[in-house]
file final_15.txt (compact mmCIF, C-alpha atoms)
# COMPACT_ATOMS: atom_id res chain seq x y z
CA MET A 13 0.00 0.00 0.00
CA SER A 14 1.30 3.44 -0.90
CA SER A 15 2.26 6.17 1.54
CA GLU A 16 -0.79 8.10 0.36
CA SER A 17 -3.03 5.16 1.19
CA LEU A 18 -1.40 4.78 4.57
CA CYS A 19 -2.01 8.45 5.25
CA TYR A 20 -5.66 8.10 4.24
CA CYS A 21 -6.29 4.96 6.25
CA LEU A 22 -4.69 6.41 9.34
CA LEU A 23 -6.00 9.92 8.86
CA LEU A 24 -8.38 9.85 11.78
CA LEU A 25 -6.34 7.93 14.31
CA VAL A 26 -6.03 9.37 17.62
CA GLY A 27 -3.92 8.43 20.22
CA HIS A 28 -5.72 8.33 23.31
CA PHE A 29 -8.57 6.48 25.10
CA SER A 30 -10.45 7.02 28.42
CA LEU A 31 -13.49 6.47 30.76
CA SER A 32 -16.17 5.24 33.41
CA ALA A 33 -16.30 5.41 37.18
CA SER A 34 -17.55 3.91 40.39
CA SER A 35 -18.81 7.19 41.85
CA THR A 36 -19.91 10.53 40.49
CA ALA A 37 -18.22 13.84 41.03
CA ALA A 38 -21.32 15.99 40.66
CA GLY A 39 -20.90 19.63 41.53
CA LYS A 40 -17.11 19.74 41.34
CA VAL A 41 -16.89 20.69 37.67
CA SER A 42 -19.14 23.23 35.92
CA ALA A 43 -18.55 22.05 32.35
CA ILE A 44 -16.36 19.81 30.19
CA ILE A 45 -14.46 21.82 27.57
CA VAL A 46 -12.62 19.76 24.98
CA PHE A 47 -9.79 20.31 22.52
CA GLY A 48 -8.30 17.63 20.31
CA ASP A 49 -8.71 15.10 17.52
CA SER A 50 -11.09 12.30 16.56
CA THR A 51 -10.88 10.70 19.99
CA VAL A 52 -12.98 13.62 21.21
CA ASP A 53 -14.60 15.10 18.08
CA ALA A 54 -18.34 15.13 18.78
CA GLY A 55 -19.23 16.15 15.24
CA ASN A 56 -17.43 19.38 14.36
CA ASN A 57 -16.07 17.84 11.17
CA ASN A 58 -19.65 17.48 9.94
CA PHE A 59 -19.66 21.21 9.33
CA ILE A 60 -16.34 21.72 7.51
CA PRO A 61 -15.23 20.62 4.01
CA THR A 62 -13.19 17.51 4.81
CA VAL A 63 -13.44 13.80 4.00
CA ALA A 64 -12.62 13.05 7.64
CA LYS A 65 -16.18 12.43 8.79
CA GLY A 66 -18.10 9.83 10.74
CA ASN A 67 -21.66 11.13 10.42
CA PHE A 68 -23.12 8.08 8.70
CA PRO A 69 -23.92 4.48 9.71
CA PRO A 70 -22.58 2.28 11.13
CA TYR A 71 -20.97 5.06 13.21
CA GLY A 72 -23.21 5.98 16.11
CA ARG A 73 -25.35 2.87 15.92
CA ASP A 74 -25.10 2.38 19.72
CA PHE A 75 -25.39 6.09 20.53
CA ASP A 76 -28.67 7.37 21.98
CA GLY A 77 -31.26 6.85 19.25
CA GLY A 78 -28.72 5.13 17.00
CA LEU A 79 -27.67 8.53 15.67
CA ALA A 80 -24.45 9.00 13.70
CA THR A 81 -23.44 12.31 15.27
CA GLY A 82 -19.98 12.52 13.73
CA ARG A 83 -18.28 10.70 16.59
CA PHE A 84 -15.75 8.21 15.23
CA SER A 85 -17.12 5.24 17.15
CA ASN A 86 -20.26 3.18 17.55
CA GLY A 87 -21.35 5.27 20.55
CA ARG A 88 -20.11 7.65 23.17
CA LEU A 89 -16.57 8.94 23.66
CA VAL A 90 -14.37 9.40 26.72
CA THR A 91 -15.50 12.96 27.22
CA ASP A 92 -19.18 11.98 27.06
CA PHE A 93 -18.72 9.47 29.87
CA LEU A 94 -16.67 11.91 31.91
CA SER A 95 -19.37 14.54 31.58
CA GLU A 96 -21.95 12.15 32.95
CA GLU A 97 -19.72 11.09 35.83
CA PHE A 98 -19.29 14.73 36.85
CA GLY A 99 -23.06 15.11 37.05
CA LEU A 100 -23.34 16.90 33.72
CA PRO A 101 -25.21 15.84 30.53
CA SER A 102 -24.39 12.39 29.16
CA SER A 103 -22.82 13.76 26.00
CA VAL A 104 -20.65 16.76 25.14
CA PRO A 105 -21.93 18.61 22.05
CA ALA A 106 -19.90 19.82 19.10
CA TYR A 107 -19.39 23.58 19.03
CA LEU A 108 -20.08 23.93 15.31
CA ASP A 109 -23.39 22.06 15.47
CA PRO A 110 -26.03 24.79 14.99
CA SER A 111 -28.74 22.70 16.64
CA TYR A 112 -27.27 23.43 20.08
CA THR A 113 -28.00 26.66 21.92
CA ILE A 114 -25.43 28.46 24.05
CA ASP A 115 -27.41 27.36 27.11
CA GLN A 116 -26.85 23.75 26.09
CA LEU A 117 -23.16 24.43 25.48
CA ALA A 118 -22.78 26.01 28.92
CA THR A 119 -22.30 22.60 30.56
CA GLY A 120 -19.87 21.27 27.99
CA VAL A 121 -18.55 21.77 24.50
CA SER A 122 -16.11 20.09 22.16
CA PHE A 123 -13.98 22.11 19.77
CA ALA A 124 -12.14 18.97 18.63
CA SER A 125 -11.64 17.97 15.01
CA GLY A 126 -10.89 14.48 13.73
CA GLY A 127 -7.58 14.28 11.88
CA THR A 128 -5.97 17.29 13.54
CA GLY A 129 -2.76 17.47 15.55
CA LEU A 130 -0.49 19.70 17.58
CA ASP A 131 1.48 20.45 14.42
CA TYR A 132 -0.41 22.89 12.18
CA LEU A 133 0.71 20.89 9.13
CA THR A 134 -1.19 17.86 10.39
CA ALA A 135 -4.48 19.75 10.31
CA LYS A 136 -3.65 21.16 6.88
CA ILE A 137 -3.09 17.66 5.46
CA ALA A 138 -6.57 16.58 6.50
CA SER A 139 -8.28 19.95 5.89
CA VAL A 140 -9.53 20.01 9.46
CA ILE A 141 -9.52 22.44 12.38
CA PRO A 142 -6.06 23.21 13.80
CA LEU A 143 -5.61 23.50 17.55
CA SER A 144 -5.00 27.23 17.25
CA GLN A 145 -8.45 27.66 15.65
CA GLN A 146 -10.01 25.52 18.37
CA LEU A 147 -8.68 27.99 20.93
CA GLU A 148 -10.07 30.85 18.85
CA TYR A 149 -13.47 29.15 18.93
CA PHE A 150 -13.12 29.02 22.70
CA VAL A 151 -12.65 32.80 22.80
CA GLU A 152 -15.84 33.16 20.74
CA TYR A 153 -17.62 30.71 23.03
CA LYS A 154 -16.67 32.74 26.10
CA GLU A 155 -18.19 35.89 24.61
CA ARG A 156 -21.40 34.07 23.72
CA LEU A 157 -21.54 32.68 27.23
CA LYS A 158 -21.21 36.15 28.75
CA VAL A 159 -24.08 37.44 26.63
CA ALA A 160 -26.31 34.52 27.58
CA LYS A 161 -25.42 34.11 31.25
CA GLY A 162 -23.99 37.44 32.30
CA GLU A 163 -20.30 38.10 32.91
CA SER A 164 -20.21 36.91 36.52
CA VAL A 165 -21.87 33.53 35.87
CA ALA A 166 -19.91 33.03 32.65
CA ASN A 167 -16.61 33.69 34.43
CA GLU A 168 -17.54 31.18 37.12
CA ILE A 169 -18.37 28.52 34.53
CA ILE A 170 -15.05 29.11 32.77
CA ALA A 171 -13.06 29.02 36.03
CA GLU A 172 -14.69 25.81 37.30
CA ALA A 173 -14.77 23.90 34.00
CA LEU A 174 -12.55 20.90 33.31
CA TYR A 175 -10.44 21.36 30.17
CA ILE A 176 -9.44 18.20 28.33
CA PHE A 177 -6.78 17.92 25.63
CA SER A 178 -6.67 14.69 23.60
CA ILE A 179 -4.33 15.12 20.66
CA GLY A 180 -1.00 14.04 19.16
CA THR A 181 -1.33 10.70 17.41
CA ASN A 182 -2.07 12.15 13.98
CA ASP A 183 1.15 14.16 14.12
CA PHE A 184 2.93 10.85 13.81
CA ILE A 185 0.73 8.56 11.71
CA VAL A 186 -0.68 11.14 9.31
CA ASN A 187 2.30 13.45 9.21
CA TYR A 188 5.79 12.48 10.40
CA LEU A 189 5.69 8.76 9.58
CA VAL A 190 4.09 9.19 6.16
CA LEU A 191 4.99 12.49 4.53
CA PRO A 192 8.54 13.60 3.66
CA LEU A 193 8.68 17.20 4.94
CA ARG A 194 8.94 16.91 8.72
CA PRO A 195 11.55 14.09 8.68
CA THR A 196 13.84 16.39 6.68
CA GLN A 197 13.45 19.05 9.37
CA TYR A 198 13.48 16.96 12.56
CA THR A 199 14.90 13.68 13.82
CA PRO A 200 12.30 11.63 15.73
CA PRO A 201 13.49 12.95 19.15
CA GLU A 202 13.50 16.49 17.80
CA TYR A 203 9.99 16.15 16.43
CA VAL A 204 8.72 14.84 19.75
CA ALA A 205 10.35 17.81 21.47
CA HIS A 206 8.73 20.12 18.92
CA LEU A 207 5.30 18.66 19.66
CA ILE A 208 5.82 19.03 23.40
CA VAL A 209 6.56 22.73 22.91
CA LEU A 210 3.29 23.02 21.00
CA ALA A 211 1.41 21.17 23.75
CA ASP A 212 2.93 23.48 26.36
CA THR A 213 1.92 26.51 24.29
CA ALA A 214 -1.66 25.24 23.93
CA VAL A 215 -2.08 24.68 27.66
CA ARG A 216 -0.64 28.11 28.43
CA GLY A 217 -3.04 29.57 25.87
CA ALA A 218 -6.02 27.93 27.54
CA TYR A 219 -4.76 29.13 30.93
CA ASP A 220 -4.49 32.71 29.68
CA LEU A 221 -8.12 32.43 28.57
CA GLY A 222 -9.29 31.31 32.01
CA ALA A 223 -8.72 27.56 32.22
CA ARG A 224 -7.70 26.40 35.70
CA LYS A 225 -8.53 22.66 35.72
CA ILE A 226 -6.61 21.07 32.88
CA GLU A 227 -6.03 17.46 31.85
CA PHE A 228 -3.82 16.40 28.94
CA THR A 229 -4.23 12.79 27.83
CA GLY A 230 -1.19 10.79 26.80
CA LEU A 231 -1.07 8.70 23.66
CA ALA A 232 -2.24 5.12 23.49
CA PRO A 233 -0.08 2.48 21.73
CA PHE A 234 -1.13 3.53 18.24
CA GLY A 235 1.14 0.91 16.72
CA CYS A 236 -1.43 -1.67 17.81
CA VAL A 237 -4.52 -0.34 16.05
CA PRO A 238 -5.76 -2.75 13.36
CA VAL A 239 -4.63 -0.69 10.36
CA ALA A 240 -1.13 -0.35 11.82
CA ARG A 241 -1.00 -4.14 12.19
CA THR A 242 -2.28 -4.56 8.62
CA LEU A 243 0.39 -2.27 7.22
CA ASN A 244 3.23 -3.64 9.35
CA HIS A 245 5.26 -5.16 6.51
CA ASP A 246 8.04 -6.42 8.76
CA LYS A 247 5.70 -8.36 11.04
CA PRO A 248 2.25 -8.52 9.42
CA GLY A 249 -0.58 -8.67 11.92
CA GLU A 250 1.57 -7.62 14.85
CA CYS A 251 1.84 -4.29 16.61
CA ASN A 252 4.28 -1.84 15.07
CA GLU A 253 6.76 -1.35 17.89
CA GLU A 254 8.52 1.54 16.18
CA TYR A 255 5.26 3.46 16.35
CA ASN A 256 4.79 2.50 19.98
CA LYS A 257 8.29 3.69 20.87
CA LEU A 258 7.36 7.13 19.59
CA ALA A 259 4.19 7.09 21.67
CA ARG A 260 6.15 6.19 24.81
CA ARG A 261 8.75 8.90 24.20
CA PHE A 262 6.05 11.49 23.59
CA ASN A 263 4.22 10.44 26.75
CA ALA A 264 7.31 10.64 28.94
CA GLU A 265 8.09 14.16 27.77
CA LEU A 266 4.46 15.26 27.90
CA LYS A 267 4.13 14.03 31.48
CA GLU A 268 7.16 16.06 32.52
CA ALA A 269 5.93 19.13 30.66
CA MET A 270 2.55 18.97 32.42
CA ARG A 271 4.27 18.52 35.78
CA LYS A 272 6.26 21.69 35.19
CA LEU A 273 3.21 23.62 34.08
CA ASN A 274 1.37 22.51 37.18
CA GLY A 275 4.06 24.19 39.24
CA GLU A 276 4.33 27.31 37.09
CA LEU A 277 0.73 28.30 36.37
CA ALA A 278 -0.56 30.09 39.44
CA GLY A 279 -3.97 28.90 40.62
CA ALA A 280 -4.13 26.07 38.09
CA GLN A 281 -4.09 22.30 38.41
CA VAL A 282 -2.59 20.61 35.38
CA VAL A 283 -2.61 16.83 35.23
CA TYR A 284 -1.33 14.22 32.80
CA ALA A 285 -3.64 11.27 32.11
CA GLU A 286 -1.74 8.06 31.39
CA THR A 287 -3.58 5.62 29.12
CA TYR A 288 -0.78 3.71 27.42
CA SER A 289 -0.43 1.00 30.06
CA LEU A 290 -4.12 0.19 30.27
CA VAL A 291 -4.63 0.07 26.53
CA SER A 292 -1.53 -2.10 26.20
CA ALA A 293 -2.99 -4.48 28.77
CA ILE A 294 -6.29 -4.63 26.90
CA VAL A 295 -4.47 -5.33 23.64
CA ALA A 296 -2.30 -8.02 25.23
CA ASN A 297 -5.11 -9.77 27.09
CA PRO A 298 -8.45 -8.75 25.58
CA SER A 299 -10.40 -11.62 27.17
CA ASP A 300 -9.53 -10.29 30.62
CA TYR A 301 -11.63 -7.26 29.75
CA GLY A 302 -14.45 -9.15 28.05
CA PHE A 303 -13.30 -8.66 24.46
CA GLU A 304 -12.98 -11.30 21.76
CA ASN A 305 -11.21 -9.40 18.99
CA VAL A 306 -8.36 -6.90 19.18
CA VAL A 307 -6.75 -7.51 15.79
CA GLN A 308 -9.68 -6.29 13.68
CA GLY A 309 -12.17 -3.48 13.98
CA CYS A 310 -15.90 -4.17 13.89
CA CYS A 311 -16.51 -2.29 10.64
CA GLY A 312 -16.00 -4.21 7.41
CA THR A 313 -12.97 -6.46 7.35
CA GLY A 314 -11.70 -4.44 10.29
CA LEU A 315 -8.26 -4.22 8.69
CA ILE A 316 -8.24 -0.88 6.87
CA GLU A 317 -11.75 0.61 7.00
CA THR A 318 -12.18 4.00 8.67
CA SER A 319 -14.25 7.11 7.95
CA VAL A 320 -15.68 6.96 4.39
CA LEU A 321 -14.30 3.44 3.94
CA CYS A 322 -16.54 2.36 6.82
CA GLY A 323 -19.95 2.76 5.20
CA VAL A 324 -23.49 1.54 5.68
CA ASP A 325 -23.26 -0.87 2.76
CA GLU A 326 -20.24 -2.72 4.16
CA PRO A 327 -21.57 -6.31 4.47
CA LEU A 328 -18.87 -7.63 6.78
CA THR A 329 -19.50 -5.24 9.70
CA CYS A 330 -19.89 -7.12 12.97
CA GLN A 331 -23.18 -7.51 14.80
CA ASP A 332 -21.89 -6.89 18.33
CA ALA A 333 -19.32 -4.15 18.77
CA GLU A 334 -19.11 -4.94 22.49
CA LYS A 335 -16.80 -7.82 21.60
CA TYR A 336 -14.35 -5.57 19.75
CA VAL A 337 -11.66 -3.33 21.20
CA PHE A 338 -11.83 -1.22 18.03
CA PHE A 339 -14.92 -0.15 16.11
CA ASP A 340 -13.09 0.68 12.90
CA SER A 341 -9.47 0.09 11.96
CA VAL A 342 -8.22 3.03 14.05
CA HIS A 343 -10.87 4.09 16.56
CA PRO A 344 -11.88 2.31 19.76
CA SER A 345 -15.34 1.00 20.41
CA GLN A 346 -17.65 2.65 22.92
CA ARG A 347 -16.95 -0.12 25.42
CA THR A 348 -13.21 0.44 25.21
CA TYR A 349 -13.68 4.15 25.79
CA ARG A 350 -15.79 3.36 28.83
CA ILE A 351 -13.17 1.04 30.32
CA VAL A 352 -10.30 3.44 29.79
CA ALA A 353 -12.39 6.20 31.29
CA ASP A 354 -12.53 4.49 34.64
CA ASN A 355 -8.78 4.71 34.76
CA ILE A 356 -8.69 8.40 33.95
CA LEU A 357 -11.45 9.36 36.34
CA ASN A 358 -10.16 7.28 39.21
CA ASN A 359 -6.56 8.35 38.77
CA ALA A 360 -5.65 11.55 36.91
CA LEU A 361 -8.95 13.30 37.60
CA LYS A 362 -9.30 12.43 41.28
CA VAL A 363 -7.82 15.82 42.09
CA PHE A 364 -10.94 17.45 40.63
CA MET A 365 -13.46 15.33 42.50

call {"tool": "encode", "arguments": {"input": "final_15.txt", "output": "structure tokens"}}
result
Amino acid sequence: MSSESLCYCLLLLVGHFSLSASSTAAGKVSAIIVFGDSTVDAGNNNFIPTVAKGNFPPYGRDFDGGLATGRFSNGRLVTDFLSEEFGLPSSVPAYLDPSYTIDQLATGVSFASGGTGLDYLTAKIASVIPLSQQLEYFVEYKERLKVAKGESVANEIIAEALYIFSIGTNDFIVNYLVLPLRPTQYTPPEYVAHLIVLADTAVRGAYDLGARKIEFTGLAPFGCVPVARTLNHDKPGECNEEYNKLARRFNAELKEAMRKLNGELAGAQVVYAETYSLVSAIVANPSDYGFENVVQGCCGTGLIETSVLCGVDEPLTCQDAEKYVFFDSVHPSQRTYRIVADNILNNALKVFM
């Protein structure tokens, strides 16, 4: 398969997973405000000119009402479950969806865009919303909130909201590992360092705009998603360990960067959410978590299908996504998101409960 095909198949991968909990944290968080990629895109890509969409069946078939909202899964995402666990609505709406009022967005909003990354070039490749634009949407959102709620109430919502960043995988599998430009500019360690600077800048930007409760999710082992296994020419069907090494390096440096920010940003709590170990455990021993298939996604053959390749007319799509770690060849199933969420809520986010 060509580099272009690899880029297309992996376009929407994200590198993170999360969710579920044994107790609620109602009243501790005013809203869930989300920045990132397809792990947390609630449907913003539906409203921009890009092929990176998931607003058609079988996506969303296990969502409330069986609606394909634009989420790249069969149901809810990490942020949806987290919202519910904090006593907020059971799903976080997409900012660009005109069907939601500002009152509905006051308890949570996602600015995320499937296919984007920390690197502006990553977003440009996929014709999606760069992180810088997501932050600009947040500025616009704040002004709308002030008009609707009054400045005092709006400021309180902004100060007490939980800000979640879930982004970074596409910078590797859509950009650095596929296209020629960035490798001519950076060695792998240099590119990781470059991305960490961008992550630091994004968190500082959110802080300057009022964010005080901030969580940045680390990357999952993206070398183990079905399409990465399919395209692993050295060891077909196995995880691509070179990819996973990059994820681990990124995570180590991201964790340290968030630790430093937590000490530097006055009045803020900045936490790093580790997901790599849990997802690795699920991949290594799926039956321990109630799964039957980790090598293929539910949609189609489960080997390469994602986004437009995962369509309603695909005859091989599975009947029960609960048995699959991945719904398509790059994105986790709703059940996986739920499992990983328990880990995030009961560990990284305990400080906000």

call {"tool": "closest_residue", "arguments": {"input": "final_15.txt", "among": "A:Thr348, A:Thr128, A:Gln145, A:Thr119", "to": "Phe303 in chain A", "atoms": "only C-alpha atoms"}}
result
A:Thr348

call {"tool": "residues_near_point", "arguments": {"input": "final_15.txt", "point": "(-4.5, 15.8, 25.2)", "cutoff": "8 Å", "atoms": "only C-alpha atoms", "output": "PDB file with C-alpha atoms, in the frame of the given file"}}
result
ATOM      1  CA  HIS A  28      -5.720   8.330  23.310  1.00  0.00           C
ATOM      2  CA  PHE A  47      -9.790  20.310  22.520  1.00  0.00           C
ATOM      3  CA  GLY A  48      -8.300  17.630  20.310  1.00  0.00           C
ATOM      4  CA  ILE A 176      -9.440  18.200  28.330  1.00  0.00           C
ATOM      5  CA  PHE A 177      -6.780  17.920  25.630  1.00  0.00           C
ATOM      6  CA  SER A 178      -6.670  14.690  23.600  1.00  0.00           C
ATOM      7  CA  ILE A 179      -4.330  15.120  20.660  1.00  0.00           C
ATOM      8  CA  GLY A 180      -1.000  14.040  19.160  1.00  0.00           C
ATOM      9  CA  GLU A 227      -6.030  17.460  31.850  1.00  0.00           C
ATOM     10  CA  PHE A 228      -3.820  16.400  28.940  1.00  0.00           C
ATOM     11  CA  THR A 229      -4.230  12.790  27.830  1.00  0.00           C
ATOM     12  CA  GLY A 230      -1.190  10.790  26.800  1.00  0.00           C
TER      13      GLY A 230
END

call {"tool": "atom_distance", "arguments": {"input": "final_15.txt", "atom1": "CA of Ile226 in chain A", "atom2": "CA of Ile185 in chain A"}}
result
25.7 Å

call {"tool": "residues_around", "arguments": {"input": "final_15.txt", "residues": "Thr62 in chain A", "least_positions_apart": "5", "cutoff": "8 Å", "atoms": "all atoms listed in the file", "output": "ChimeraX atom specification"}}
result
/A:57,138-140

call {"tool": "atom_distance", "arguments": {"input": "final_15.txt", "atom1": "CA of Asp131 in chain A", "atom2": "CA of Leu210 in chain A"}}
result
7.3 Å

call {"tool": "residues_near_point", "arguments": {"input": "final_15.txt", "point": "(-12.1, 0.4, 20.0)", "cutoff": "12 Å", "atoms": "only C-alpha atoms", "output": "PyMOL selection string"}}
result
chain A and resi 25-30+51+84-90+232+234+236-238+291+294-295+298+303-311+314+318+333-352

call {"tool": "closest_residue", "arguments": {"input": "final_15.txt", "among": "A:Gly78, A:Gly222, A:Gly127, A:Gly162", "to": "Asp183 in chain A", "atoms": "all atoms listed in the file"}}
result
A:Gly127

call {"tool": "residues_around", "arguments": {"input": "final_15.txt", "residues": "Asp325 in chain A", "least_positions_apart": "2", "cutoff": "12 Å", "atoms": "only C-alpha atoms", "output": "PyMOL selection string"}}
result
chain A and resi 68-70+311-312+320-323+327-329

call {"tool": "write_last_selection", "arguments": {"input": "final_15.txt", "atoms": "C-alpha atoms", "output": "PDB file, in the coordinates of the input"}}
result
ATOM      1  CA  PHE A  68     -23.120   8.080   8.700  1.00  0.00           C
ATOM      2  CA  PRO A  69     -23.920   4.480   9.710  1.00  0.00           C
ATOM      3  CA  PRO A  70     -22.580   2.280  11.130  1.00  0.00           C
ATOM      4  CA  CYS A 311     -16.510  -2.290  10.640  1.00  0.00           C
ATOM      5  CA  GLY A 312     -16.000  -4.210   7.410  1.00  0.00           C
ATOM      6  CA  VAL A 320     -15.680   6.960   4.390  1.00  0.00           C
ATOM      7  CA  LEU A 321     -14.300   3.440   3.940  1.00  0.00           C
ATOM      8  CA  CYS A 322     -16.540   2.360   6.820  1.00  0.00           C
ATOM      9  CA  GLY A 323     -19.950   2.760   5.200  1.00  0.00           C
ATOM     10  CA  PRO A 327     -21.570  -6.310   4.470  1.00  0.00           C
ATOM     11  CA  LEU A 328     -18.870  -7.630   6.780  1.00  0.00           C
ATOM     12  CA  THR A 329     -19.500  -5.240   9.700  1.00  0.00           C
TER      13      THR A 329
END

call {"tool": "closest_atom_pairs", "arguments": {"input": "final_15.txt", "of": "range 97-197 of chain A", "to": "range 249-256 of chain A", "cutoff": "10 Å", "atoms": "only C-alpha atoms", "output": "CSV"}}
result
residue,atom,partner,partner_atom,distance
A:Thr181,CA,A:Tyr255,CA,9.8
A:Phe184,CA,A:Tyr255,CA,8.2
A:Ile185,CA,A:Tyr255,CA,8.2
A:Leu189,CA,A:Tyr255,CA,8.6

call {"tool": "closest_residue", "arguments": {"input": "final_15.txt", "among": "A:Ala106, A:Val46, A:Leu361, A:Ile137", "to": "Tyr188 in chain A", "atoms": "all atoms listed in the file"}}
result
A:Ile137

call {"tool": "atom_distance", "arguments": {"input": "final_15.txt", "atom1": "CA of Ser50 in chain A", "atom2": "CA of Arg83 in chain A"}}
result
7.4 Å

call {"tool": "closest_residue", "arguments": {"input": "final_15.txt", "among": "A:Tyr112, A:Ile316, A:Leu117, A:Ala124", "to": "Val52 in chain A", "atoms": "only C-alpha atoms"}}
result
A:Ala124

call {"tool": "closest_residue", "arguments": {"input": "final_15.txt", "among": "A:Leu273, A:Arg73, A:Thr134, A:Ile141", "to": "Val209 in chain A", "atoms": "all atoms listed in the file"}}
result
A:Leu273
